[in-house]
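Scroll down for the structure; my scribbles are underneath it.
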Amino acid sequence: MAVLETIRVKLGVLITVLIAVALLSFIIDPTTLQSVSGSSSKYDVGEIDGKSVSYMDFQADIDRFTTINEIMTGSSAQNEQQQISIRNAAWQSLIDKYLVVKNANKAGIHVGEEEMVDIISGIIDSPVFTQNPAFMDENGVFSPALLTEFVNYIESDQTGRLQLYWDYLVESAKTQQYYAKYMSLFTQSDYTNALMLADEIADNNNTFDVEFVMVPVGFAKDSTIVVSDSEIKKYYDAHKKFFRQQASRDIEYAVFEVVPSAEDVAAANEALVAVYDEFAVAENMKSFLLANSDRQYDNHWYKAGELNTVAKVVNDYAFGDNKGVSEVLSNGNTFYAVRVMEEAMIPDSVFVKYVPANSVNVDSLLNVAEPMWITQTQGFEDVMAAKKGSTVTVNGLVFNVLDVTAPVAKKKVAVLEKNAVASKETVNGYYAKANTLATKSAGKYDKFQAACTEEGVYAHPVNKMLESADRLGAVNHTKEVTRWAFDAKVGDVSNIITVDNNYFIVAALKGIHKEGYAPVSEVSSQISNMLYGEKAVAKKAEEVAAKITGLGSMEAIAEALGTTVSTKEGVAFSSLTSQGLDPMFIGAASVAEDGKICGPLAGNIGVYVYKVTGRDTGAFFTEDDARARDAQMAQYSTQMLVPTMMDDADVKDNRARFF
């Protein structure tokens, strides 16, 4: 199992990155995805280009990606972020198969068997293999020999897990090759010819100086400006695509956070004091903390500052000029006692060879084993303490220590920790408050409002909450509230919803926004404000025109408008130096006749009268700058490729209903 152990050690911390990178779009065996059907229902996880994805089929994909995660980390435990990354990878694999690869094939792009042989052998560079730490030598260079060793070992793996991992790598490389070829189709076709390049350079090097006065519209409402319903409807019909929306809900919620009472805090302190003397003399610290502490003994060699992740008071004591066991320390509602167990000069990393301890001819295997640098990981702390040239056996592996980094002062520290926890009586008290609110609300929004006022409870508003929402304010893991809101009717009030046993929530549903186009009634205020702004600035332009008729200088115009003349030098039409100016003003001034007073111009925030006083042609924007900018724009366009495909295929992602 040496190869498998190498994968685990080298790839352990990289699993989240490898699985989450959507661009590489890792895929497993395509035959496992054939269960995607053409019919859809509310029980489906989603729909891709008319093909529905059932919950059961998608869960099977998640299980396969989870197995790959276990192979790479050597652990069956996944934190919440890893689980999210795994689900995202499973979903992305479907997007790749049914959109990216499908559309690439339509464009005449294919990845054949001979091409895959070249990829696996390294003739065609694929980071799936060449940048995989499991296949790199001690110098961080891709080693075909290590790849060959891995492939040869697959047949002897009776579990079939390494074959699954290999299939994963091959399909990942194949999908990435599809991406590379398809993206190049767009980037290579985005060609800037010599004339276009010259125009771009000129646009960025040609600047102008301008004098101007600006009269702002102001914030006071003008009652003479009216926006009619017919105008709103006309604008809505002409710009309907801008009002497309996801399904969402408007809610109000009251939250009762369970916090320890003063009595609970005192009890935590007393619990620590009760075992303090035993902690000070305990010989088997691991067993003692297991039975008496909220924090277990981890055998880790700590450097100064690292214990700040526990609490600053803990780090300050452990690495201060102190002896013995600390007094009782506190940080909020948590109490600590600290005892330094060992002190030594320990390196941060060691260069080793290692093989399983039960191997035949351990010494011979060590001679041919690939050396590698390792850092301190749980269970292998004793390797870090070993001397250069020594051989140690740790957790069933024999390590030959070839080299070590410069040793630094480190300590093993035992921390007796007691967290104040809300007692049953405290929890019941908060539940009773939530129950009073829910009972008085009687499932009706108007009664909920009255009950909140009567009980002195604040109802937090949340507008357009998406089905994927899993957080309300500072409260995480509120998925049950979201699910309730998407199943409820307008005006309904929930029963008590418990979150993480720390929060009791009562929610009311105020509004429903269906997926599709927002109705004109929902966006009329937004449209009205915009149309009002356009009319207001147009009216202001008429007023300005009347005031400056016959005036021949910028100073006279400024005086008539009750303002002053402003100047701006070196303004470029497409340069960042133009930031801070109204784009409409920049565009108009860039083509204005030199020395001529122009305006009034209705801008976005006010009315402008201006005169271009000079122009200059510089050479600060070079051909290299132009090409770099074009490359950046090409990158932006490729980033929009998959989202555009998804929009065109009307992809529906309903995972939020289930996860």
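To be explicit about the labels: the chains of the structure tokens are called A, B, and onward in the order shown, and within each one the residues are counted from 1, while ligands get numbers from 1 in the order they are shown.
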Report as an MDAnalysis selection string all protein, DNA and RNA residues lying within 12 Å of Tyr179 of chain A, evaluated on only C-alpha atoms, omitting residues in the same chain fewer than 4 positions from it. chainID A and resid 22:26 96:97 99:105 109:111 126 172:175 183:187 638:639 641:642
Take the selection from the previous step and output its residues with N, CA and C atoms, as a tab-separated table (two decimals), in the first residue's frame.
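Dumped everything to part.tsv:
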```
chain	number	residue	atom	x	y	z
A	22	ALA	N	-13.81	24.06	-10.93
A	22	ALA	CA	-14.87	23.80	-11.91
A	22	ALA	C	-14.33	23.77	-13.33
A	23	LEU	N	-13.30	24.57	-13.60
A	23	LEU	CA	-12.80	24.66	-14.96
A	23	LEU	C	-12.27	23.32	-15.45
A	24	LEU	N	-11.62	22.56	-14.55
A	24	LEU	CA	-11.12	21.24	-14.94
A	24	LEU	C	-12.26	20.24	-15.03
A	25	SER	N	-13.34	20.50	-14.30
A	25	SER	CA	-14.58	19.74	-14.44
A	25	SER	C	-14.35	18.24	-14.39
A	26	PHE	N	-13.87	17.76	-13.27
A	26	PHE	CA	-13.54	16.34	-13.17
A	26	PHE	C	-14.77	15.47	-13.35
A	96	ASP	N	-20.61	19.54	-17.79
A	96	ASP	CA	-19.58	19.27	-18.79
A	96	ASP	C	-20.06	18.26	-19.83
A	97	LYS	N	-20.65	17.16	-19.35
A	97	LYS	CA	-21.05	16.09	-20.27
A	97	LYS	C	-22.16	16.54	-21.20
A	99	LEU	N	-23.32	19.69	-21.78
A	99	LEU	CA	-23.24	21.00	-22.43
A	99	LEU	C	-21.89	21.21	-23.11
A	100	VAL	N	-20.81	21.24	-22.31
A	100	VAL	CA	-19.51	21.59	-22.86
A	100	VAL	C	-19.03	20.58	-23.91
A	101	VAL	N	-18.98	19.29	-23.52
A	101	VAL	CA	-18.51	18.27	-24.45
A	101	VAL	C	-19.47	18.14	-25.64
A	102	LYS	N	-20.76	18.21	-25.34
A	102	LYS	CA	-21.77	18.11	-26.40
A	102	LYS	C	-21.61	19.23	-27.42
A	103	ASN	N	-21.46	20.46	-26.94
A	103	ASN	CA	-21.31	21.60	-27.85
A	103	ASN	C	-19.96	21.58	-28.57
A	104	ALA	N	-18.94	21.08	-27.88
A	104	ALA	CA	-17.64	20.95	-28.53
A	104	ALA	C	-17.72	19.95	-29.68
A	105	ASN	N	-18.40	18.84	-29.46
A	105	ASN	CA	-18.58	17.86	-30.52
A	105	ASN	C	-19.33	18.46	-31.71
A	109	ILE	N	-15.10	19.34	-32.54
A	109	ILE	CA	-13.96	19.10	-31.63
A	109	ILE	C	-14.14	17.74	-30.98
A	110	HIS	N	-13.07	16.92	-31.02
A	110	HIS	CA	-13.10	15.60	-30.40
A	110	HIS	C	-11.76	15.33	-29.73
A	111	VAL	N	-11.77	14.46	-28.74
A	111	VAL	CA	-10.53	14.01	-28.08
A	111	VAL	C	-10.48	12.50	-28.27
A	126	SER	N	-0.76	17.82	-19.57
A	126	SER	CA	-2.03	17.95	-18.86
A	126	SER	C	-1.74	18.09	-17.38
A	172	SER	N	-10.81	13.27	-16.12
A	172	SER	CA	-10.51	14.67	-15.81
A	172	SER	C	-9.62	15.27	-16.89
A	173	ALA	N	-8.59	14.52	-17.26
A	173	ALA	CA	-7.67	15.00	-18.30
A	173	ALA	C	-8.38	15.13	-19.65
A	174	LYS	N	-9.28	14.20	-19.94
A	174	LYS	CA	-10.02	14.26	-21.20
A	174	LYS	C	-10.93	15.49	-21.24
A	175	THR	N	-11.62	15.74	-20.13
A	175	THR	CA	-12.51	16.90	-20.07
A	175	THR	C	-11.73	18.19	-20.17
A	183	MET	N	-11.94	26.32	-25.80
A	183	MET	CA	-11.60	27.70	-25.45
A	183	MET	C	-10.69	28.32	-26.51
A	184	SER	N	-9.76	27.53	-27.03
A	184	SER	CA	-8.84	28.06	-28.03
A	184	SER	C	-9.58	28.44	-29.30
A	185	LEU	N	-10.70	27.75	-29.57
A	185	LEU	CA	-11.52	28.09	-30.73
A	185	LEU	C	-12.00	29.53	-30.63
A	186	PHE	N	-12.31	29.96	-29.40
A	186	PHE	CA	-12.79	31.32	-29.19
A	186	PHE	C	-11.64	32.32	-29.10
A	187	THR	N	-10.61	31.96	-28.35
A	187	THR	CA	-9.50	32.91	-28.16
A	187	THR	C	-8.74	33.15	-29.46
A	638	THR	N	-14.11	34.09	-22.46
A	638	THR	CA	-14.12	32.65	-22.24
A	638	THR	C	-14.74	32.29	-20.90
A	639	GLN	N	-14.60	33.18	-19.92
A	639	GLN	CA	-15.22	32.92	-18.62
A	639	GLN	C	-16.74	32.94	-18.71
A	641	LEU	N	-18.35	31.72	-21.30
A	641	LEU	CA	-18.77	30.68	-22.22
A	641	LEU	C	-19.75	29.70	-21.58
A	642	VAL	N	-19.35	29.09	-20.46
A	642	VAL	CA	-20.22	28.10	-19.83
A	642	VAL	C	-21.50	28.72	-19.28
```
List the spatial neighbours of Thr482 of chain A as an NGL selection string - criterion: any atom at most 8 Å away, only C-alpha atoms, same-chain residues fewer than 5 positions off excluded. :A and (465-470)
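Of all the residues in segment 553-596 of chain A, the ones DSSP labels as alpha helix (DSSP H) from the backbone are A:Met554, A:Glu555, A:Ala556, A:Ile557, A:Ala558, A:Glu559, A:Ala560, A:Pro583, A:Met584, A:Phe585, A:Ile586, A:Gly587, A:Ala588, A:Ala589, A:Ser590.
Across A:Ser121, A:Thr426, A:Asn322, A:Ser349, the tightest approach to Asp403 of chain A is made by A:Ser349 when counting only C-alpha atoms.
Nearest residue to Lys464 of chain A among A:Gln131, A:Ile251, A:Ser553, A:Glu417 is A:Ile251, counting only C-alpha atoms.
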In Å, how far is it from atom CA of Arg655 of chain A to atom CA of Ser54 of chain A? 10.2 Å
Leaving out Trp91 of chain A and any residue of its chain fewer than 6 positions from it, which residues lie within 9 Å of it when counting only C-alpha atoms, given as an NGL selection string? :A and (58 or 61-62 or 653 or 655)
Those of segment 335-523 of chain A in DSSP strand (DSSP E), formatted as a ChimeraX atom specification: /A:335-346,349-356,372-375,391-394,397-404,408-419,460-466,471-472,475-476,497-499,503-513,516-517
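Residue nearest Asn395 of chain A, chosen from A:Gly473, A:Gly218, A:Pro356, A:Gly324 and counting only C-alpha atoms: A:Pro356.
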Near segment 252-264 of chain A, within 7 Å and counting only C-alpha atoms, which residues show up once chain neighbours fewer than 2 positions away are dropped, as a PyMOL selection string? chain A and resi 266-268+420-423+426-427+430+434+457-462+502-509
Kindly give the distance, in Å, that separates atom CA of Val210 of chain A and atom CA of Asp616 of chain A, rounded to a single decimal. 11.9 Å
Quick one: residues within 8 Å of Phe135 of chain A, only C-alpha atoms counted, chain neighbours fewer than 5 positions away excluded, as an MDAnalysis selection string? chainID A and resid 129:130 142:144 146:147
Write out as a PyMOL selection string which residues come within 12 Å of Gly320 of chain A when counting only C-alpha atoms, dropping same-chain ones fewer than 4 positions away. chain A and resi 304-305+312-316+324+326+338+340+411
So that I have them on file, write out the residues from the current selection with N, CA and C atoms, as a CSV table (one decimal), in the first residue's frame.
```csv
chain,number,residue,atom,x,y,z
A,304,ALA,N,5.5,29.5,19.2
A,304,ALA,CA,4.9,30.6,19.8
A,304,ALA,C,3.9,31.3,18.8
A,305,GLY,N,2.7,31.6,19.3
A,305,GLY,CA,1.7,32.2,18.5
A,305,GLY,C,0.7,31.3,18.0
A,312,LYS,N,-5.8,33.7,23.1
A,312,LYS,CA,-4.6,34.5,23.4
A,312,LYS,C,-4.1,34.2,24.8
A,313,VAL,N,-4.9,34.1,25.7
A,313,VAL,CA,-4.5,33.9,27.1
A,313,VAL,C,-3.8,32.6,27.3
A,314,VAL,N,-4.2,31.6,26.5
A,314,VAL,CA,-3.5,30.3,26.5
A,314,VAL,C,-2.1,30.4,25.9
A,315,ASN,N,-2.0,31.0,24.7
A,315,ASN,CA,-0.7,31.2,24.1
A,315,ASN,C,0.2,32.0,25.0
A,316,ASP,N,-0.3,33.1,25.5
A,316,ASP,CA,0.6,34.0,26.3
A,316,ASP,C,1.1,33.3,27.5
A,324,GLY,N,5.1,25.7,35.7
A,324,GLY,CA,4.1,24.9,36.3
A,324,GLY,C,2.8,25.1,35.5
A,326,SER,N,-0.9,26.9,34.9
A,326,SER,CA,-1.5,28.3,35.0
A,326,SER,C,-2.6,28.3,36.0
A,338,VAL,N,-3.6,25.7,31.8
A,338,VAL,CA,-2.6,25.4,30.8
A,338,VAL,C,-1.4,24.7,31.5
A,340,VAL,N,2.4,23.0,30.4
A,340,VAL,CA,3.4,22.7,29.4
A,340,VAL,C,4.0,21.3,29.7
A,411,LYS,N,6.7,23.5,21.9
A,411,LYS,CA,6.2,22.9,23.1
A,411,LYS,C,5.0,22.1,22.9
```
Tell me, as a ChimeraX atom specification, which residues lie within 9 Å of segment 522-535 of chain A, counting only C-alpha atoms; anything in the same chain fewer than 6 positions away does not count. /A:217,225-229,231-233,235-236,243,602,604-605
Using Å and a single decimal, report how far atom CA of Gly396 of chain A sits from atom CA of Met341 of chain A. 25.1 Å
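Restricting the calculation to only C-alpha atoms, the smallest distance between Val404 of chain A and any of A:Tyr182, A:Tyr636, A:Tyr98, A:Phe351 is found for A:Phe351.
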